[in-house]
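Below is one structure; the comments refer to it alone.
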Amino acid sequence: MRSVSSAGRVDPRVWLLALGTFATGTDLFIVTGLLPAVGRDLHLSTALAGQTSTAFAATYAVGAPILAGLTAKFRRKPLLIAVMLVFGLGNALSAVSANFTVLLISRVITGAGAALYSANASAVAARISPPEVRGRALAIVYAGMTSAIALGVPIGNWVGELSSWRWAFGLVAFLAALTVAGIQFFLPDVPTGPGATVRERMAAIRIPQAPTHLLVTALWTAGTFTVYTYLGSILEQITGLSAGQQSWVLLLFGVGSFGGVFVGGRLADRFGSVVGLTLTISALGIWLVVLTPAIHWPLAAAVAVGVWGLVHWPSFPLLLHRALGIGGDRGDMLLALNNSSVYVGQMAAAAVGGLLANAGMLRWNPLAGAGFEVLAGLALVVSVGALRGRGRKGPLPAAAPTEAGESSPALRG
């Protein structure tokens, strides 16, 4: 079933899925700004309070592929409603947590709900859209994530400052409820995916170019989050900005990100995912090098951070587009694994960035991020080479079809 009013136009109902990713994105990014207040209220050190973010990320990374396999036979619309309810309830529990243990459990619950929602929202957007606008449909879904950086996080922090960090989590629970209502009343039903077991679906990783594609995703993520995770400290210690000034710079990153995700969707539809990724990963690596000296001057840092958001996010819809294409009938599973790779990359970025920060080398985080992008580019070359090599040996097996909507798999991956 396709949700398009006419050829080449994405039905506005795809934006309902974006409302859900706006909620999950707000939940993901809002925690960093609330950590000091959470720590004070629950009598936790900053490091211990930070483990709530780790719990969310780790649950997302591990849970996405497993939960996608366990729910493979479920109808998509009821599943989206159910997992968003779980996500909302998890945030409600976060809002009323009386101690660290309850808060940690609530973050595990929300991480599981977010993981399953994101993978299924991407799959549903692709299924209800014709191939010629599939990249744009994916971009719309993940525009919710970038909108969260630009709007959800500042609003959540504002709510937390006016009242309590608990109300910020309550805001996310409210967004989840709105998403449930929208999906229930407006989104068309979508057939189930392949009814495979977790083990059978995990076999999707054996598709020739899947492992290297997931490596590209993890390295691309690590490149930006080596910097973004510590951006507040960089802007304070290196750039010399106050807390209020930092908020405006973060807003610039969010605005750039919102535009960037649509650029990626257009590139996917016009040029194919591999050409698009080659351009966007290269641009991101170059810009992280530019960011290295720019962070020493306030105005230069503000402009550079805004452009950084613009050149970072185009890669994400391209990565999703490629995962769907090379996954074929196991595309949903590769989407889940792709989302897991994002969080693996975030954890690697936190480790590398933390090592540099502890060594007093915080100013070199952007250059380390650029190094990750170089590795991501090399992994992309290897991934495309795997498909070309397969093409020389003969037709691809049924488990590894060519990328949907791309005429030359050898060139476009």
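Chain lettering (A, B, ...) mirrors the order of the structure tokens, residue numbering begins at 1 for each chain separately, and ligand numbering begins at 1 in order of display.
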Stretch 157-254 of chain A: residues DSSP assigns to helix (DSSP H, G or I), reported as a count of residues only: 77
Which residues of stretch 94-199 of chain A have any atom within 7 Å of an atom in stretch 18-39 of chain A when counting only C-alpha atoms, and what is the closest pair of atoms for each, with the distance in Å to one decimal? Order the rows by chain and rising number and write it as a Markdown table.
| residue | atom | partner | partner_atom | distance |
| --- | --- | --- | --- | --- |
| A:Ala114 | CA | A:Thr24 | CA | 5.8 |
| A:Ser118 | CA | A:Thr21 | CA | 6.6 |
| A:Ile140 | CA | A:Ala18 | CA | 6.3 |
| A:Val141 | CA | A:Ala18 | CA | 4.1 |
| A:Tyr142 | CA | A:Ala18 | CA | 6.3 |
| A:Ala143 | CA | A:Ala18 | CA | 6.5 |
| A:Gly144 | CA | A:Phe22 | CA | 4.0 |
| A:Met145 | CA | A:Gly25 | CA | 4.7 |
| A:Ser147 | CA | A:Phe22 | CA | 6.4 |
| A:Ala148 | CA | A:Thr26 | CA | 4.8 |
| A:Ile149 | CA | A:Thr26 | CA | 6.9 |
| A:Gly152 | CA | A:Thr26 | CA | 5.1 |
| A:Val153 | CA | A:Ile30 | CA | 5.0 |
| A:Gly156 | CA | A:Ile30 | CA | 6.4 |
| A:Asn157 | CA | A:Gly33 | CA | 6.5 |
| A:Trp165 | CA | A:Leu34 | CA | 6.2 |
| A:Val172 | CA | A:Ala23 | CA | 5.8 |
| A:Leu175 | CA | A:Ala23 | CA | 5.7 |
| A:Ala176 | CA | A:Ala23 | CA | 6.2 |
| A:Thr179 | CA | A:Gly20 | CA | 5.6 |
Inset, instruction - Excluding A:Val311 and residues on its chain fewer than 3 positions from it, collect all residues at most 8 Å away from it, counting only C-alpha atoms, and give them as a list in words. - result: Gly256, Ser257, Gly260, Thr280, Ala283, Leu284, Trp287, Val307, Trp308 and Pro314 of chain A
Using only C-alpha atoms, the shortest atom-to-atom distance to A:Ala370 among A:Leu219, A:Ala350, A:Ala304, A:Leu17 belongs to A:Leu219
Counting only C-alpha atoms, what is within 7 Å of stretch 220-230 of chain A, bar same-chain residues fewer than 2 positions away, as a list in words?
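Using only C-alpha atoms, the neighbours found are Val216, Thr217, Ala218, Gly232, Ser233, Ile234, Val342, Gly345, Gln346, Ala348, Ala349, Ala350, Val352, Gly353, Asn365, Pro366, Gly369, Ala370, Phe372, Glu373 and Ala376 of chain A.
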Selected residues written out with all heavy atoms, as a CSV table (one decimal), in the first residue's frame:
chain,number,residue,atom,x,y,z
A,216,VAL,N,30.4,1.4,7.9
A,216,VAL,CA,30.3,2.8,7.4
A,216,VAL,C,29.5,3.7,8.4
A,216,VAL,O,29.8,4.8,8.8
A,216,VAL,CB,29.8,2.9,6.0
A,216,VAL,CG1,29.5,4.3,5.6
A,216,VAL,CG2,30.7,2.2,5.0
A,217,THR,N,28.3,3.1,8.7
A,217,THR,CA,27.4,3.8,9.6
A,217,THR,C,28.0,4.1,11.0
A,217,THR,O,27.9,5.3,11.5
A,217,THR,CB,26.1,3.0,9.8
A,217,THR,OG1,25.5,2.8,8.6
A,217,THR,CG2,25.1,3.7,10.8
A,218,ALA,N,28.7,3.1,11.6
A,218,ALA,CA,29.3,3.3,12.9
A,218,ALA,C,30.4,4.4,12.8
A,218,ALA,O,30.5,5.2,13.7
A,218,ALA,CB,29.8,2.0,13.4
A,232,GLY,N,29.7,21.0,24.4
A,232,GLY,CA,29.5,22.0,25.5
A,232,GLY,C,30.8,22.3,26.2
A,232,GLY,O,31.1,23.5,26.4
A,233,SER,N,31.6,21.3,26.4
A,233,SER,CA,32.9,21.5,27.0
A,233,SER,C,33.9,22.3,26.1
A,233,SER,O,34.6,23.2,26.5
A,233,SER,CB,33.6,20.2,27.4
A,233,SER,OG,32.8,19.5,28.4
A,234,ILE,N,33.8,21.9,24.8
A,234,ILE,CA,34.7,22.6,23.8
A,234,ILE,C,34.3,24.1,23.7
A,234,ILE,O,35.2,25.0,23.7
A,234,ILE,CB,34.5,21.9,22.4
A,234,ILE,CG1,35.1,20.6,22.4
A,234,ILE,CG2,35.1,22.8,21.3
A,234,ILE,CD1,34.9,19.7,21.2
A,342,VAL,N,24.6,3.0,14.7
A,342,VAL,CA,24.6,4.4,15.1
A,342,VAL,C,25.0,4.5,16.5
A,342,VAL,O,25.9,5.3,16.9
A,342,VAL,CB,23.3,5.1,14.8
A,342,VAL,CG1,23.2,6.5,15.5
A,342,VAL,CG2,23.0,5.3,13.3
A,345,GLY,N,28.6,3.5,17.2
A,345,GLY,CA,29.4,4.6,16.9
A,345,GLY,C,29.4,5.7,17.9
A,345,GLY,O,30.5,6.3,18.2
A,346,GLN,N,28.3,6.0,18.5
A,346,GLN,CA,28.2,7.0,19.6
A,346,GLN,C,29.0,6.5,20.8
A,346,GLN,O,29.7,7.4,21.5
A,346,GLN,CB,26.8,7.2,20.0
A,346,GLN,CG,26.0,8.0,19.0
A,346,GLN,CD,24.6,8.4,19.5
A,346,GLN,OE1,24.4,8.4,20.7
A,346,GLN,NE2,23.7,8.8,18.6
A,348,ALA,N,31.6,4.5,20.8
A,348,ALA,CA,33.0,4.6,20.4
A,348,ALA,C,33.5,6.1,20.5
A,348,ALA,O,34.6,6.4,20.9
A,348,ALA,CB,33.3,4.1,19.0
A,349,ALA,N,32.6,7.0,20.0
A,349,ALA,CA,33.0,8.4,20.0
A,349,ALA,C,33.1,8.9,21.4
A,349,ALA,O,34.1,9.7,21.7
A,349,ALA,CB,31.9,9.2,19.3
A,350,ALA,N,32.3,8.5,22.3
A,350,ALA,CA,32.4,8.9,23.7
A,350,ALA,C,33.7,8.5,24.3
A,350,ALA,O,34.3,9.2,25.1
A,350,ALA,CB,31.2,8.4,24.5
A,352,VAL,N,36.6,7.7,22.7
A,352,VAL,CA,37.8,8.3,22.0
A,352,VAL,C,37.8,9.8,22.5
A,352,VAL,O,38.8,10.4,22.8
A,352,VAL,CB,37.7,8.2,20.5
A,352,VAL,CG1,38.8,9.1,19.9
A,352,VAL,CG2,37.9,6.8,20.1
A,353,GLY,N,36.6,10.5,22.4
A,353,GLY,CA,36.6,11.9,22.8
A,353,GLY,C,36.9,12.1,24.2
A,353,GLY,O,37.6,13.0,24.6
A,365,ASN,N,39.6,17.2,19.2
A,365,ASN,CA,38.5,16.3,19.0
A,365,ASN,C,37.9,16.4,17.5
A,365,ASN,O,37.6,15.3,16.9
A,365,ASN,CB,37.3,16.5,20.0
A,365,ASN,CG,37.6,15.8,21.3
A,365,ASN,OD1,38.7,15.8,21.8
A,365,ASN,ND2,36.5,15.3,21.9
A,366,PRO,N,37.8,17.6,17.0
A,366,PRO,CA,37.3,17.6,15.6
A,366,PRO,C,38.2,16.9,14.6
A,366,PRO,O,37.7,16.3,13.7
A,366,PRO,CB,37.2,19.1,15.3
A,366,PRO,CG,37.1,19.8,16.6
A,366,PRO,CD,37.9,18.9,17.6
A,369,GLY,N,37.6,13.4,14.8
A,369,GLY,CA,36.3,13.1,14.1
A,369,GLY,C,36.6,13.0,12.6
A,369,GLY,O,36.0,12.1,11.9
A,370,ALA,N,37.4,13.8,12.1
A,370,ALA,CA,37.7,13.8,10.6
A,370,ALA,C,38.4,12.5,10.3
A,370,ALA,O,38.2,11.9,9.2
A,370,ALA,CB,38.6,15.0,10.3
A,372,PHE,N,37.8,9.6,11.7
A,372,PHE,CA,36.8,8.6,11.6
A,372,PHE,C,36.1,8.7,10.3
A,372,PHE,O,35.7,7.6,9.7
A,372,PHE,CB,35.7,8.8,12.7
A,372,PHE,CG,36.1,8.1,14.0
A,372,PHE,CD1,36.3,8.9,15.2
A,372,PHE,CD2,36.2,6.8,14.1
A,372,PHE,CE1,36.6,8.3,16.4
A,372,PHE,CE2,36.5,6.1,15.3
A,372,PHE,CZ,36.7,6.9,16.4
A,373,GLU,N,35.9,9.9,9.7
A,373,GLU,CA,35.2,10.0,8.4
A,373,GLU,C,36.1,9.4,7.3
A,373,GLU,O,35.6,8.9,6.3
A,373,GLU,CB,34.9,11.5,8.1
A,373,GLU,CG,33.9,12.1,9.1
A,373,GLU,CD,32.7,11.3,9.3
A,373,GLU,OE1,32.2,10.6,8.4
A,373,GLU,OE2,32.1,11.3,10.5
A,376,ALA,N,35.5,5.9,7.4
A,376,ALA,CA,34.1,5.6,6.9
A,376,ALA,C,34.2,5.6,5.4
A,376,ALA,O,33.5,4.7,4.7
A,376,ALA,CB,33.1,6.6,7.4
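The nearest approach to A:Ala351 among the residues A:Asp41, A:Ala368, A:Leu214, A:Phe186, with only C-alpha atoms taken into account, belongs to A:Ala368.
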Contacts of A:Leu334 within 7 Å, only C-alpha atoms, excl. fewer than 4 positions in-chain, as a PyMOL selection string
chain A and resi 204+323-324+327+330+338
Dump N, CA, C and O atoms for the selected residues as a PDB file, in the first residue's frame?
ATOM      1  N   ALA A 204      20.927 -11.762   7.864  1.00  0.00           N
ATOM      2  CA  ALA A 204      21.029 -10.668   6.899  1.00  0.00           C
ATOM      3  C   ALA A 204      22.411 -10.038   6.906  1.00  0.00           C
ATOM      4  O   ALA A 204      22.838  -9.456   5.903  1.00  0.00           O
ATOM      5  N   ALA A 323      20.679   0.678   3.060  1.00  0.00           N
ATOM      6  CA  ALA A 323      20.374  -0.521   3.838  1.00  0.00           C
ATOM      7  C   ALA A 323      19.123  -1.211   3.309  1.00  0.00           C
ATOM      8  O   ALA A 323      19.080  -2.441   3.181  1.00  0.00           O
ATOM      9  N   LEU A 324      18.100  -0.437   2.984  1.00  0.00           N
ATOM     10  CA  LEU A 324      16.881  -1.021   2.411  1.00  0.00           C
ATOM     11  C   LEU A 324      17.167  -1.683   1.075  1.00  0.00           C
ATOM     12  O   LEU A 324      16.653  -2.758   0.776  1.00  0.00           O
ATOM     13  N   GLY A 327      19.334  -4.854   1.470  1.00  0.00           N
ATOM     14  CA  GLY A 327      18.696  -5.855   2.329  1.00  0.00           C
ATOM     15  C   GLY A 327      17.599  -6.637   1.646  1.00  0.00           C
ATOM     16  O   GLY A 327      17.316  -7.770   2.020  1.00  0.00           O
ATOM     17  N   ARG A 330      15.007  -8.603   3.567  1.00  0.00           N
ATOM     18  CA  ARG A 330      15.473  -8.442   4.944  1.00  0.00           C
ATOM     19  C   ARG A 330      15.911  -6.999   5.208  1.00  0.00           C
ATOM     20  O   ARG A 330      16.726  -6.721   6.080  1.00  0.00           O
ATOM     21  N   ASN A 338      21.320  -1.142  11.263  1.00  0.00           N
ATOM     22  CA  ASN A 338      21.900   0.155  10.944  1.00  0.00           C
ATOM     23  C   ASN A 338      21.724   1.125  12.113  1.00  0.00           C
ATOM     24  O   ASN A 338      22.650   1.854  12.485  1.00  0.00           O
TER      25      ASN A 338
END
> Which one is closest to A:Ser94: A:Ala168, A:Val62, A:Leu151, A:Leu252? Count only C-alpha atoms.
Replying inline: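 Closest to A:Ser94 of all the choices is A:Ala168.
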Each stretch 110-194 of chain A residue no farther than 6 Å from stretch 88-91 of chain A, nearest pair in Å, only C-alpha atoms, as CSV:
residue,atom,partner,partner_atom,distance
A:Thr110,CA,A:Gly90,CA,4.9
A:Phe169,CA,A:Asn91,CA,5.5
A:Ala173,CA,A:Gly88,CA,4.4
A:Ala176,CA,A:Gly88,CA,5.2
Would you save the residues of that selection, restricted to N, CA and C atoms, as a CSV table (one decimal), in the first residue's frame?
chain,number,residue,atom,x,y,z
A,110,THR,N,12.7,3.0,27.7
A,110,THR,CA,12.5,4.0,26.6
A,110,THR,C,13.5,3.6,25.5
A,169,PHE,N,10.8,15.2,31.0
A,169,PHE,CA,10.5,13.8,30.6
A,169,PHE,C,9.0,13.7,30.3
A,173,ALA,N,6.8,12.2,27.1
A,173,ALA,CA,5.6,11.3,27.2
A,173,ALA,C,4.4,11.9,26.5
A,176,ALA,N,4.8,11.4,22.8
A,176,ALA,CA,4.5,10.0,22.4
A,176,ALA,C,3.0,9.8,22.3
Among A:Phe262, A:Trp15, A:Phe100, A:Trp248, A:Arg136 is approached most closely, using only C-alpha atoms, by A:Phe262
*Could you pull the residues within 12 Å of A:Ala82, counting only C-alpha atoms, minus those fewer than 6 positions along the same chain, as a list in words?*
Thr71, Phe74, Arg75, Arg76, Gly88, Leu89, Ala112, Gly113, Ala114, Leu116, Tyr117, Asn120, Ala176, Ala177, Thr179, Val180, Ala181, Ile183 and Gln184 of chain A
Correct to one decimal, the distance atom CA of A:Leu187-atom CA of A:Met84 is 14.1 Å
Requested in this report: One decimal, Å: what's the distance from atom CA of A:Trp313 over to atom CA of A:Leu367, could you say?
Outcome: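 Separating atom CA of A:Trp313 from atom CA of A:Leu367 is a distance of 18.4 Å.
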